[in-house]
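Visitor: To be precise about what I am sending: the file is called target.txt and holds compact mmCIF, C-alpha atoms and all ligand atoms.
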```txt
# COMPACT_ATOMS: atom_id res chain seq x y z
CA MET A 557 -39.04 50.86 -65.42
CA THR A 558 -40.16 47.75 -63.65
CA THR A 559 -42.19 48.11 -60.52
CA TYR A 560 -42.79 45.31 -58.15
CA PRO A 561 -45.86 44.43 -56.18
CA ARG A 562 -46.09 46.03 -52.83
CA ASN A 563 -45.37 43.87 -49.90
CA PRO A 564 -47.32 44.52 -46.75
CA ALA A 565 -44.50 43.56 -44.44
CA ALA A 566 -42.28 46.33 -43.25
CA PHE A 567 -38.81 45.95 -44.78
CA GLY A 568 -40.16 42.97 -46.58
CA SER A 569 -40.53 44.11 -50.15
CA ALA A 570 -39.68 41.13 -52.28
CA VAL A 571 -37.41 42.81 -54.75
CA SER A 572 -34.27 41.43 -56.28
CA PHE A 573 -32.17 43.38 -58.70
CA LEU A 574 -29.82 40.57 -59.47
CA ALA A 575 -32.30 37.76 -58.96
CA ARG A 576 -30.77 37.52 -55.59
CA THR A 577 -32.14 37.95 -52.14
CA VAL A 578 -30.37 38.03 -48.86
CA ALA A 579 -30.96 35.11 -46.58
CA GLY A 580 -32.71 35.89 -43.35
CA ALA A 581 -36.04 36.82 -41.99
CA ARG A 582 -36.39 39.76 -44.34
CA THR A 583 -35.78 39.70 -48.03
CA SER A 584 -33.84 42.54 -49.46
CA ALA A 585 -33.20 44.37 -52.64
CA THR A 586 -29.79 44.16 -54.19
CA VAL A 587 -28.41 46.79 -56.53
CA TRP A 588 -25.18 46.54 -58.44
CA VAL A 589 -22.79 49.17 -57.29
CA GLY A 590 -19.46 50.32 -58.54
CA ALA A 591 -18.90 53.71 -57.08
CA VAL A 592 -22.23 55.43 -57.01
CA THR A 593 -23.05 58.63 -55.26
CA LEU A 594 -26.25 58.81 -53.32
CA SER A 595 -27.48 62.35 -53.05
CA VAL A 596 -28.43 63.19 -49.52
CA ALA A 597 -29.64 66.62 -48.51
CA GLY A 598 -27.52 68.31 -45.92
CA ALA A 599 -30.20 68.58 -43.30
CA GLN A 600 -31.01 65.49 -41.32
CA VAL A 601 -34.56 65.13 -40.25
CA GLY A 602 -34.24 63.33 -36.98
CA THR A 603 -34.49 59.77 -35.84
CA ASN A 604 -38.12 59.20 -35.04
CA TYR A 605 -39.32 57.87 -38.34
CA CYS A 606 -41.28 54.69 -38.10
CA THR A 607 -44.72 53.26 -37.49
CA PRO A 608 -46.44 53.14 -40.84
CA ALA A 609 -50.12 53.60 -40.21
CA PRO A 610 -53.19 53.46 -42.44
CA ASN A 611 -53.92 56.77 -44.11
CA SER A 612 -57.08 58.25 -45.54
CA THR A 613 -57.12 55.64 -48.31
CA GLY A 614 -57.62 53.05 -45.64
CA ALA A 615 -54.33 51.39 -46.47
CA THR A 616 -50.72 51.70 -45.37
CA ALA A 617 -48.32 53.27 -47.83
CA SER A 618 -45.79 50.73 -49.01
CA ILE A 619 -42.37 51.38 -50.51
CA SER A 620 -40.73 49.23 -53.15
CA GLY A 621 -37.80 49.50 -55.46
CA SER A 622 -36.41 48.41 -58.75
CA GLY A 623 -33.06 48.80 -60.39
CA SER A 624 -30.57 47.52 -62.84
CA ALA A 625 -27.40 45.52 -62.66
CA SER A 626 -25.93 47.28 -65.67
CA VAL A 627 -23.04 49.62 -65.28
CA THR A 628 -24.71 51.97 -67.72
CA LEU A 629 -27.94 52.05 -65.77
CA ASN A 630 -26.81 51.94 -62.23
CA ASN A 631 -29.91 53.23 -60.63
CA LEU A 632 -32.47 52.64 -58.00
CA THR A 633 -36.09 53.59 -58.54
CA LEU A 634 -38.09 54.01 -55.39
CA SER A 635 -41.84 53.73 -55.55
CA VAL A 636 -44.55 54.01 -52.97
CA ALA A 637 -48.06 52.67 -53.28
CA ASN A 638 -51.31 53.54 -51.52
CA LEU A 639 -50.69 57.23 -51.16
CA PRO A 640 -53.56 59.66 -50.83
CA GLN A 641 -53.97 62.23 -53.54
CA ASN A 642 -51.94 65.43 -53.18
CA ALA A 643 -49.50 63.86 -50.80
CA ALA A 644 -46.11 65.56 -50.78
CA VAL A 645 -43.47 62.88 -50.60
CA PHE A 646 -39.91 62.68 -49.37
CA PHE A 647 -37.85 59.57 -49.66
CA LEU A 648 -35.64 59.10 -46.63
CA CYS A 649 -32.55 56.99 -46.41
CA SER A 650 -30.18 55.76 -43.78
CA ARG A 651 -27.35 53.32 -43.33
CA THR A 652 -28.96 52.06 -40.16
CA GLN A 653 -32.29 50.98 -38.83
CA ASP A 654 -33.57 51.28 -35.33
CA PHE A 655 -36.22 48.89 -34.11
CA ASN A 656 -36.88 50.77 -30.92
CA GLN A 657 -37.75 54.22 -32.08
CA ASN A 658 -41.12 55.50 -31.07
CA PHE A 659 -43.42 57.65 -33.07
CA GLY A 660 -47.03 58.28 -32.25
CA GLY A 661 -46.77 56.21 -29.14
CA SER A 662 -45.98 52.87 -30.77
CA ALA A 663 -42.85 51.04 -29.81
CA GLY A 664 -41.03 48.21 -31.45
CA ASN A 665 -41.52 49.24 -35.06
CA ILE A 666 -38.87 49.25 -37.70
CA CYS A 667 -37.57 52.72 -38.30
CA LEU A 668 -34.65 54.38 -39.93
CA GLY A 669 -31.79 55.04 -37.56
CA ALA A 670 -29.72 58.19 -37.39
CA PRO A 671 -28.42 59.88 -39.37
CA ILE A 672 -31.28 60.04 -41.82
CA GLY A 673 -30.87 61.59 -45.22
CA ARG A 674 -33.78 63.33 -46.75
CA GLY A 675 -34.49 64.08 -50.34
CA VAL A 676 -33.52 61.12 -52.47
CA GLY A 677 -34.95 62.19 -55.79
CA GLY A 678 -36.27 65.37 -54.23
CA VAL A 679 -39.75 66.07 -53.04
CA ILE A 680 -42.47 64.95 -55.38
CA THR A 681 -46.20 65.26 -55.15
CA ASN A 682 -48.78 62.66 -55.92
CA SER A 683 -50.89 65.05 -57.94
CA GLY A 684 -52.81 62.35 -59.69
CA ALA A 685 -55.20 59.81 -58.40
CA THR A 686 -54.76 57.97 -55.19
CA GLY A 687 -52.22 55.26 -55.59
CA MET A 688 -48.70 54.87 -56.84
CA VAL A 689 -46.07 57.54 -57.06
CA SER A 690 -42.44 56.84 -57.85
CA VAL A 691 -39.15 58.60 -58.28
CA LEU A 692 -36.03 57.62 -60.15
CA ALA A 693 -33.08 58.01 -57.88
CA ASP A 694 -30.34 57.67 -60.47
CA LEU A 695 -27.40 57.39 -58.17
CA ASN A 696 -24.84 57.96 -60.89
CA ALA A 697 -26.52 61.04 -62.30
CA LEU A 698 -26.33 63.04 -59.11
CA PRO A 699 -22.69 63.98 -58.57
CA GLN A 700 -23.20 66.52 -55.83
CA PRO A 701 -19.97 66.79 -53.87
CA SER A 702 -21.66 68.96 -51.27
CA GLY A 703 -23.77 66.80 -49.04
CA ALA A 704 -23.27 63.69 -51.12
CA VAL A 705 -22.58 60.29 -49.67
CA VAL A 706 -20.67 57.62 -51.51
CA VAL A 707 -22.33 54.25 -51.26
CA GLN A 708 -19.82 51.48 -50.86
CA ALA A 709 -20.27 48.02 -52.27
CA GLY A 710 -21.51 45.66 -49.63
CA GLU A 711 -23.38 48.28 -47.68
CA THR A 712 -27.01 47.95 -46.73
CA TRP A 713 -29.15 51.06 -46.80
CA TYR A 714 -32.71 51.57 -45.66
CA PHE A 715 -35.33 53.64 -47.39
CA GLN A 716 -38.64 54.89 -46.15
CA CYS A 717 -41.22 57.32 -47.45
CA TRP A 718 -42.46 60.28 -45.46
CA TYR A 719 -45.57 62.15 -46.58
CA ARG A 720 -48.35 64.40 -45.43
CA ASP A 721 -51.90 63.16 -45.73
CA ALA A 722 -53.69 66.31 -46.82
CA VAL A 723 -56.97 64.48 -47.24
CA ALA A 724 -56.98 63.11 -43.76
CA GLY A 725 -55.82 66.02 -41.77
CA GLY A 726 -54.21 68.84 -43.67
CA GLY A 727 -50.56 69.67 -44.06
CA SER A 728 -49.54 68.90 -40.52
CA THR A 729 -50.56 65.27 -40.57
CA SER A 730 -47.53 63.22 -41.40
CA ASN A 731 -47.28 59.55 -42.04
CA PHE A 732 -44.76 56.99 -43.15
CA SER A 733 -44.57 54.05 -45.42
CA ASP A 734 -43.05 50.78 -44.47
CA GLY A 735 -39.37 50.41 -45.15
CA LEU A 736 -37.15 48.95 -47.81
CA GLU A 737 -33.81 47.34 -47.19
CA VAL A 738 -31.37 47.59 -50.09
CA LEU A 739 -28.07 45.79 -50.27
CA PHE A 740 -25.67 47.53 -52.62
CA SER A 741 -23.65 44.64 -53.89
CA GLY A 742 -20.51 44.44 -55.95
CA GLY A 743 -21.52 41.04 -57.21
CA GLY A 744 -21.04 40.78 -60.94
CA GLY A 745 -20.32 44.42 -61.38
CA GLY A 746 -16.77 44.96 -60.33
CA ASN A 747 -15.36 48.01 -58.70
CA PRO A 748 -12.78 50.56 -59.75
CA ILE A 749 -9.38 50.78 -58.14
CA PRO A 750 -9.01 53.49 -55.48
CA GLY A 751 -8.64 57.00 -56.80
CA MET A 752 -11.09 56.67 -59.65
CA VAL A 753 -13.78 59.36 -59.75
CA PRO A 754 -17.27 58.56 -61.07
CA ILE A 755 -18.25 60.71 -64.06
CA PRO A 756 -21.93 60.69 -65.04
CA ALA A 757 -23.21 60.44 -68.59
CA GLY A 758 -24.12 63.80 -70.05
CA THR A 759 -24.06 66.35 -72.84
CA PHE A 760 -21.77 69.37 -73.25
CA LEU A 761 -20.47 71.84 -75.80
CA MET A 762 -17.02 70.79 -76.98
CA GLY A 763 -14.54 73.34 -78.30
CA SER A 764 -14.14 77.08 -77.90
CA ASN A 765 -14.94 80.28 -79.77
CA ALA A 766 -12.24 82.19 -77.89
CA ALA A 767 -10.71 84.97 -79.98
CA GLY A 768 -7.27 84.60 -81.50
CA GLY A 769 -5.51 87.29 -79.47
CA PRO A 770 -4.36 87.25 -75.86
CA PRO A 771 -5.24 86.04 -73.32
CA TYR A 772 -6.73 82.92 -74.90
CA LEU A 773 -5.11 82.77 -78.34
CA GLY A 774 -7.98 80.62 -79.51
CA GLY A 775 -7.84 78.97 -82.90
CA SER A 776 -9.61 77.04 -85.59
CA LEU A 777 -8.54 73.68 -84.17
CA GLU A 778 -11.07 74.21 -81.38
CA GLN A 779 -13.90 75.06 -83.76
CA PRO A 780 -16.66 74.70 -84.59
CA VAL A 781 -18.04 74.34 -81.09
CA HIS A 782 -20.38 71.38 -81.25
CA GLN A 783 -22.63 69.36 -78.99
CA VAL A 784 -21.24 66.10 -77.65
CA THR A 785 -23.07 63.50 -75.64
CA ILE A 786 -21.27 60.95 -73.54
CA SER A 787 -23.90 58.26 -73.23
CA TYR A 788 -22.36 56.17 -70.45
CA PRO A 789 -21.02 56.80 -66.99
CA PHE A 790 -17.36 56.12 -66.50
CA TRP A 791 -14.58 56.65 -64.01
CA MET A 792 -11.47 58.78 -64.41
CA GLY A 793 -8.32 58.84 -62.33
CA GLN A 794 -8.43 61.81 -60.01
CA HIS A 795 -4.70 62.19 -60.61
CA GLU A 796 -2.34 61.79 -63.51
CA VAL A 797 -0.64 58.39 -63.20
CA THR A 798 2.21 58.84 -60.76
CA GLN A 799 5.73 57.55 -60.98
CA ALA A 800 5.08 55.30 -57.99
CA GLU A 801 2.08 53.75 -59.73
CA TYR A 802 3.98 53.32 -62.96
CA GLN A 803 6.98 51.81 -61.18
CA THR A 804 4.77 49.34 -59.32
CA LEU A 805 2.93 48.12 -62.39
CA ILE A 806 5.58 48.35 -65.10
CA GLY A 807 8.78 48.06 -63.07
CA ALA A 808 10.40 51.14 -64.55
CA ASN A 809 10.40 54.89 -64.18
CA PRO A 810 11.49 56.88 -67.20
CA SER A 811 10.68 60.32 -65.74
CA PHE A 812 12.76 63.47 -66.16
CA SER A 813 11.45 65.06 -62.94
CA PRO A 814 11.90 62.24 -60.41
CA GLY A 815 9.57 61.83 -57.46
CA PRO A 816 7.13 59.06 -56.57
CA SER A 817 4.14 61.39 -56.26
CA ARG A 818 4.96 63.35 -59.39
CA PRO A 819 3.31 62.28 -62.65
CA VAL A 820 5.17 59.83 -64.81
CA GLU A 821 6.46 61.43 -68.04
CA LEU A 822 8.76 60.55 -70.88
CA VAL A 823 6.12 57.99 -71.77
CA SER A 824 4.89 57.53 -75.32
CA TRP A 825 1.27 56.89 -76.29
CA HIS A 826 2.30 53.26 -76.73
CA ASP A 827 3.77 53.21 -73.22
CA ALA A 828 0.58 54.72 -71.82
CA ARG A 829 -1.55 52.13 -73.57
CA ALA A 830 0.69 49.34 -72.30
CA TYR A 831 0.17 50.63 -68.76
CA CYS A 832 -3.60 50.61 -69.27
CA ALA A 833 -3.49 47.08 -70.67
CA ALA A 834 -1.45 45.90 -67.69
CA LEU A 835 -3.89 47.54 -65.30
CA THR A 836 -6.85 45.94 -67.09
CA ALA A 837 -5.16 42.54 -66.87
CA GLN A 838 -4.38 43.03 -63.19
CA GLN A 839 -8.00 44.00 -62.48
CA ALA A 840 -9.56 41.40 -64.78
CA ALA A 841 -11.67 39.88 -62.03
CA ASN A 842 -12.91 43.26 -60.94
CA LEU A 843 -14.09 44.96 -64.11
CA PRO A 844 -17.65 46.03 -64.86
CA SER A 845 -18.86 44.08 -67.86
CA GLY A 846 -17.71 45.71 -71.10
CA TYR A 847 -15.37 48.12 -69.36
CA GLU A 848 -11.59 48.38 -69.36
CA TYR A 849 -8.85 50.67 -68.16
CA ARG A 850 -7.72 52.79 -71.07
CA LEU A 851 -6.79 56.30 -72.09
CA PRO A 852 -9.73 58.72 -72.24
CA THR A 853 -11.17 59.73 -75.55
CA GLU A 854 -10.64 63.38 -76.32
CA ALA A 855 -14.35 64.02 -75.73
CA GLU A 856 -14.31 62.19 -72.41
CA TRP A 857 -11.29 64.24 -71.41
CA GLU A 858 -12.81 67.65 -72.20
CA TYR A 859 -16.17 66.68 -70.72
CA ALA A 860 -14.46 65.58 -67.51
CA CYS A 861 -12.21 68.65 -67.45
CA ARG A 862 -15.09 71.08 -67.84
CA ALA A 863 -17.18 69.32 -65.19
CA GLY A 864 -20.15 71.39 -66.25
CA THR A 865 -18.31 74.66 -66.80
CA THR A 866 -18.39 76.63 -70.04
CA THR A 867 -15.53 79.01 -69.28
CA GLU A 868 -12.05 78.67 -70.75
CA PHE A 869 -10.82 77.01 -67.57
CA HIS A 870 -12.77 74.92 -65.08
CA TYR A 871 -11.76 77.57 -62.56
CA GLY A 872 -13.44 80.29 -64.64
CA PRO A 873 -12.14 82.79 -67.21
CA ASP A 874 -8.59 83.01 -65.83
CA LEU A 875 -5.73 80.73 -64.90
CA LEU A 876 -3.43 82.17 -62.27
CA CYS A 877 -0.05 80.85 -61.23
CA ASN A 878 -1.34 79.46 -57.94
CA GLN A 879 -4.05 77.40 -59.64
CA ALA A 880 -1.98 74.93 -61.65
CA ARG A 881 1.57 73.98 -62.58
CA PHE A 882 2.29 75.88 -65.80
CA ALA A 883 4.87 78.42 -66.95
CA PHE A 884 3.30 81.71 -68.03
CA SER A 885 -0.01 83.40 -67.22
CA TYR A 886 -1.78 85.81 -69.55
CA HIS A 887 -4.15 86.61 -66.71
CA THR A 888 -1.83 88.71 -64.58
CA ASN A 889 -1.20 92.37 -65.29
CA PRO A 890 1.16 92.46 -67.04
CA PRO A 891 1.29 88.83 -68.24
CA ALA A 892 4.14 87.12 -66.48
CA SER A 893 6.08 83.94 -65.91
CA CYS A 894 5.07 81.77 -62.98
CA VAL A 895 7.84 81.26 -60.44
CA ASN A 896 8.10 77.51 -60.05
CA PRO A 897 10.82 74.94 -59.65
CA SER A 898 11.61 73.26 -62.95
CA GLY A 899 9.46 70.33 -63.94
CA THR A 900 6.26 68.86 -62.60
CA ALA A 901 4.53 69.26 -59.28
CA PRO A 902 3.39 66.33 -57.14
CA VAL A 903 -0.07 65.35 -58.36
CA GLY A 904 -2.92 66.94 -56.45
CA SER A 905 -0.99 70.09 -55.50
CA TYR A 906 -3.75 72.39 -56.70
CA VAL A 907 -7.52 72.67 -56.33
CA PRO A 908 -9.51 69.99 -58.21
CA ASN A 909 -12.47 70.61 -60.48
CA ALA A 910 -16.10 69.92 -59.60
CA PHE A 911 -15.70 66.22 -60.41
CA GLY A 912 -12.73 66.00 -58.05
CA LEU A 913 -10.12 65.75 -60.82
CA PHE A 914 -6.71 67.31 -60.16
CA ASP A 915 -4.26 68.87 -62.62
CA MET A 916 -6.59 68.88 -65.63
CA HIS A 917 -4.91 72.21 -66.35
CA GLY A 918 -1.14 71.89 -66.52
CA ASN A 919 1.46 69.64 -64.85
CA VAL A 920 1.73 67.12 -67.67
CA CYS A 921 -0.08 67.06 -71.01
CA GLU A 922 -2.21 63.96 -71.14
CA TRP A 923 -2.40 61.43 -73.92
CA CYS A 924 -5.87 60.70 -75.25
CA LEU A 925 -6.88 57.55 -77.10
CA ASP A 926 -8.01 59.41 -80.22
CA SER A 927 -6.21 60.23 -83.38
CA TYR A 928 -6.30 63.92 -84.08
CA ALA A 929 -8.90 65.18 -86.60
CA PRO A 930 -10.64 68.52 -87.24
CA TYR A 931 -14.07 69.02 -85.67
CA SER A 932 -17.34 69.20 -87.57
CA SER A 933 -20.43 71.09 -86.51
CA ALA A 934 -22.80 68.14 -86.17
CA ALA A 935 -23.91 66.97 -82.77
CA VAL A 936 -22.28 63.66 -81.99
CA THR A 937 -22.56 60.91 -79.41
CA ASP A 938 -19.52 59.14 -77.98
CA PRO A 939 -17.06 60.44 -80.61
CA PHE A 940 -13.86 58.48 -81.07
CA VAL A 941 -11.39 59.12 -83.87
CA THR A 942 -9.06 56.48 -85.25
CA GLY A 943 -6.67 56.23 -88.12
CA GLY A 944 -4.77 59.52 -88.19
CA PRO A 945 -1.03 59.90 -87.64
CA GLY A 946 -1.20 62.10 -84.53
CA ARG A 947 -2.56 61.32 -81.09
CA VAL A 948 -4.37 63.98 -79.12
CA LEU A 949 -2.75 65.67 -76.12
CA ARG A 950 -4.79 67.68 -73.65
CA GLY A 951 -4.51 70.04 -70.72
CA GLY A 952 -1.11 71.67 -71.18
CA SER A 953 1.93 71.15 -69.01
CA TRP A 954 4.40 72.67 -66.57
CA SER A 955 6.29 74.25 -69.48
CA TYR A 956 3.24 75.72 -71.26
CA ALA A 957 1.49 79.10 -71.19
CA SER A 958 -1.99 79.52 -69.74
CA TYR A 959 -3.77 79.58 -73.09
CA GLN A 960 -2.36 76.12 -73.86
CA CYS A 961 -3.89 74.78 -70.64
CA ARG A 962 -7.48 75.74 -71.54
CA SER A 963 -10.22 73.12 -71.33
CA ALA A 964 -10.67 73.18 -75.12
CA TYR A 965 -7.03 73.51 -76.18
CA ARG A 966 -5.86 70.74 -78.49
CA THR A 967 -2.51 69.58 -79.65
CA ASN A 968 -1.19 66.29 -80.92
CA ALA A 969 1.95 64.28 -81.49
CA GLY A 970 3.02 61.03 -83.00
CA PRO A 971 2.34 58.02 -80.78
CA GLY A 972 6.03 57.25 -80.39
CA LEU A 973 7.00 60.60 -78.90
CA ALA A 974 8.20 60.58 -75.29
CA ASN A 975 8.61 64.01 -73.78
CA ASP A 976 9.21 65.36 -70.30
CA ASN A 977 5.96 67.32 -70.34
CA ILE A 978 3.72 64.45 -71.47
CA GLY A 979 2.03 61.93 -69.17
CA PHE A 980 -1.43 60.45 -68.94
CA ARG A 981 -4.33 59.44 -66.73
CA VAL A 982 -6.61 56.45 -67.05
CA VAL A 983 -10.34 55.97 -67.31
CA LEU A 984 -12.45 52.91 -66.55
CA ALA A 985 -14.84 53.05 -69.45
CA PRO A 986 -16.36 51.01 -72.29
CA VAL A 987 -13.86 49.06 -74.35
CA LEU A 988 -12.59 50.91 -77.43
CA VAL A 989 -10.10 49.75 -80.02
CA PRO A 990 -7.98 52.52 -81.58
CA CA A 1001 -2.49 67.53 -66.64
```
Represent the structure from my file as structure tokens, please.
Ligand SMILES: [Ca+2]

Guide:
Amino acid sequence: MTTYPRNPAAFGSAVSFLARTVAGARTSATVWVGAVTLSVAGAQVGTNYCTPAPNSTGATASISGSGSASVTLNNLTLSVANLPQNAAVFFLCSRTQDFNQNFGGSAGNICLGAPIGRGVGGVITNSGATGMVSVLADLNALPQPSGAVVVQAGETWYFQCWYRDAVAGGGSTSNFSDGLEVLFSGGGGGNPIPGMVPIPAGTFLMGSNAAGGPPYLGGSLEQPVHQVTISYPFWMGQHEVTQAEYQTLIGANPSFSPGPSRPVELVSWHDARAYCAALTAQQAANLPSGYEYRLPTEAEWEYACRAGTTTEFHYGPDLLCNQARFAFSYHTNPPASCVNPSGTAPVGSYVPNAFGLFDMHGNVCEWCLDSYAPYSSAAVTDPFVTGGPGRVLRGGSWSYASYQCRSAYRTNAGPGLANDNIGFRVVLAPVLVP
């Protein structure tokens, strides 16, 4: 982590994340942004936050920031200097500033404007010596759909530190740092096309130990369960690729179940890869460095499907007929066919998972980039299998039973197969060559 010298001027911290500052009276910090999520606590704390004043150290607390322009380290570290010991600290943020707010009787100071978010990085305490405390606000590592705010490229945000000076006056004496202006820029980083959901890096248990009998009909293909780390953030299409999208980019629609908002099917693995290549070419000027549009790896797919869950479905232990487009549920009593029109449903017809991904269970099976291979027990990072004859298919389809739609269920087919229950979705992720 790089920290920068404090700057005594409010909103004047001389920080540049891309060796770039914004012209004007105040310099600013610039952070690369693709589609980051800034975690903001639900409660707003009011508008009267301004007027940094000297605290018991004799100095004014000063906020600064550092960050990275890399897509794999898309973060913002906020630091504040000159804090008294034992100060409890909140970092506040806002899209606006208000020069006219009053606090403590002083007018004309730079403040955060409403609404103000509280809790970037959570509350931390300067339990050490008087001086610097900092918090890493990894904007990509905090996918909290409830209360989260998506930062858009080109937006300017303002950050300020609020703290209590226990030395000076006990817990009720509050004070503020100066402010930091941060421009979240798309410069050099690129941005995903609409409909791509940010997926943070992380570790999960891949596979399933579900027993062989109903309702799960688990099997050895899903075992052994093993630890997998995805070391980079990426984006995944919230929907399976639709027929409208395929028609627009490729100029054809091979689907058996016609409808512009239904997923494209009757596409081979080769067709799916050609779509991804065309999308990458179309978006060439807008790609994060080292990233491309491609099919997900099998590990990326299961990690994204689970979205932190460990149950057989991202919904929980059961899959009911009103939760996905599939054909037969083992989770009704007695097990029964689902009453659906033939074929696929329009994408997004059912509840998404915690990442905001729709139809990870059912609708169309989804091609993955990997060749199929048995699992091993070793923990692995960024697994990607090449060379085998079959390509992995995940998620089950409109014609499958519930057990075949489980998060860990695997099947595969030759890359030339086109079938009316097979489609795909894309990821924007590091380049891989199958
Ligand atoms: Ca699906």

Visitor: Ligand CA 1001 (chain A): which residues are within 8 Å, counting all atoms listed in the file, as a list in words?

Guide: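 Counting all atoms listed in the file, the residues within 8 Å of ligand CA 1001 (chain A) come out as Glu796, Phe914, Asp915, Met916, His917, Gly918, Asn919, Val920, Cys921, Glu922, Arg950, Gly951, Gly952, Ser953, Gly979 and Phe980 of chain A.
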
Visitor: Env of A:Gln803: 12 Å cut, atoms = all atoms listed in the file, seq-sep filter 6 positions within chain, self excluded. Answer as a PyMOL selection string.

Guide: chain A and resi 797+809-811+814-821+831

Visitor: What does the distance between atom CA of A:Pro780 and atom CA of A:Ser932 come to in Å, to one decimal place?

Guide: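 Atom-to-atom, atom CA of A:Pro780 to atom CA of A:Ser932, that is 6.3 Å.
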
Visitor: Have a look at atom CA of A:Met792 and atom CA of A:Ile755 and let me know their distance in Å, one decimal.

Guide: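 These atoms are spaced 7.1 Å apart.
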
Visitor: Calculated over only C-alpha atoms, which of the candidates A:Tyr965, A:Trp923, A:Tyr956, A:Tyr847 has the smallest distance to A:Asp827?

Guide: A:Trp923

Visitor: Under the rule that all atoms listed in the file are counted, which of A:Pro945, A:Pro748, A:Pro971, A:Ser933 is the nearest residue to A:Leu843?

Guide: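 Checking each candidate against A:Leu843, we get A:Pro748 as the closest.
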
Visitor: So which residues fall inside 10 Å of (-3.7, 50.3, -75.6) if we count all atoms listed in the file? Mind giving them as a list in words?

Guide: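 Those residues lying close to the given coordinates are Trp825, His826, Asp827, Ala828, Arg829, Ala830, Tyr831, Cys832, Ala833, Ala834, Tyr849, Arg850, Leu851, Leu925, Leu988, Val989 and Pro990 of chain A.
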
Visitor: Based on the selection just made, write C-alpha atoms of those residues as a PDB file, in the coordinates of the input.

Guide:
```pdb
ATOM      1  CA  TRP A 825       1.270  56.890 -76.290  1.00  0.00           C
ATOM      2  CA  HIS A 826       2.300  53.260 -76.730  1.00  0.00           C
ATOM      3  CA  ASP A 827       3.770  53.210 -73.220  1.00  0.00           C
ATOM      4  CA  ALA A 828       0.580  54.720 -71.820  1.00  0.00           C
ATOM      5  CA  ARG A 829      -1.550  52.130 -73.570  1.00  0.00           C
ATOM      6  CA  ALA A 830       0.690  49.340 -72.300  1.00  0.00           C
ATOM      7  CA  TYR A 831       0.170  50.630 -68.760  1.00  0.00           C
ATOM      8  CA  CYS A 832      -3.600  50.610 -69.270  1.00  0.00           C
ATOM      9  CA  ALA A 833      -3.490  47.080 -70.670  1.00  0.00           C
ATOM     10  CA  ALA A 834      -1.450  45.900 -67.690  1.00  0.00           C
ATOM     11  CA  TYR A 849      -8.850  50.670 -68.160  1.00  0.00           C
ATOM     12  CA  ARG A 850      -7.720  52.790 -71.070  1.00  0.00           C
ATOM     13  CA  LEU A 851      -6.790  56.300 -72.090  1.00  0.00           C
ATOM     14  CA  LEU A 925      -6.880  57.550 -77.100  1.00  0.00           C
ATOM     15  CA  LEU A 988     -12.590  50.910 -77.430  1.00  0.00           C
ATOM     16  CA  VAL A 989     -10.100  49.750 -80.020  1.00  0.00           C
ATOM     17  CA  PRO A 990      -7.980  52.520 -81.580  1.00  0.00           C
TER      18      PRO A 990
END
```

Visitor: Figure out the distance between atom CA of A:Pro844 and atom CA of A:Pro750, please, to one decimal in Å.

Guide: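 Atom CA of A:Pro844 lies at a distance of 14.8 Å from atom CA of A:Pro750.
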
Visitor: Using all atoms listed in the file, which of A:Trp954, A:Tyr802, A:Tyr906, A:Phe715 sits nearest A:Phe884?

Guide: A:Trp954

Visitor: Could you check the closest approach to A:Gln783 for each of A:Asp734, A:Asp721, A:Asp938, A:Glu801 and tell me which residue wins, using all atoms listed in the file?

Guide: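 Distance minimum relative to A:Gln783 lands on A:Asp938.
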
Visitor: Counting all atoms listed in the file, which residues have an atom no more than 8 Å from (-18.5, 62.4, -62.0) in the file's coordinates? Please list them as a list in words.

Guide: Asn696, Pro699, Val753, Pro754, Ile755, Pro756, Pro789, Phe790, Trp791, Ala860, Ala863, Phe911 and Gly912 of chain A
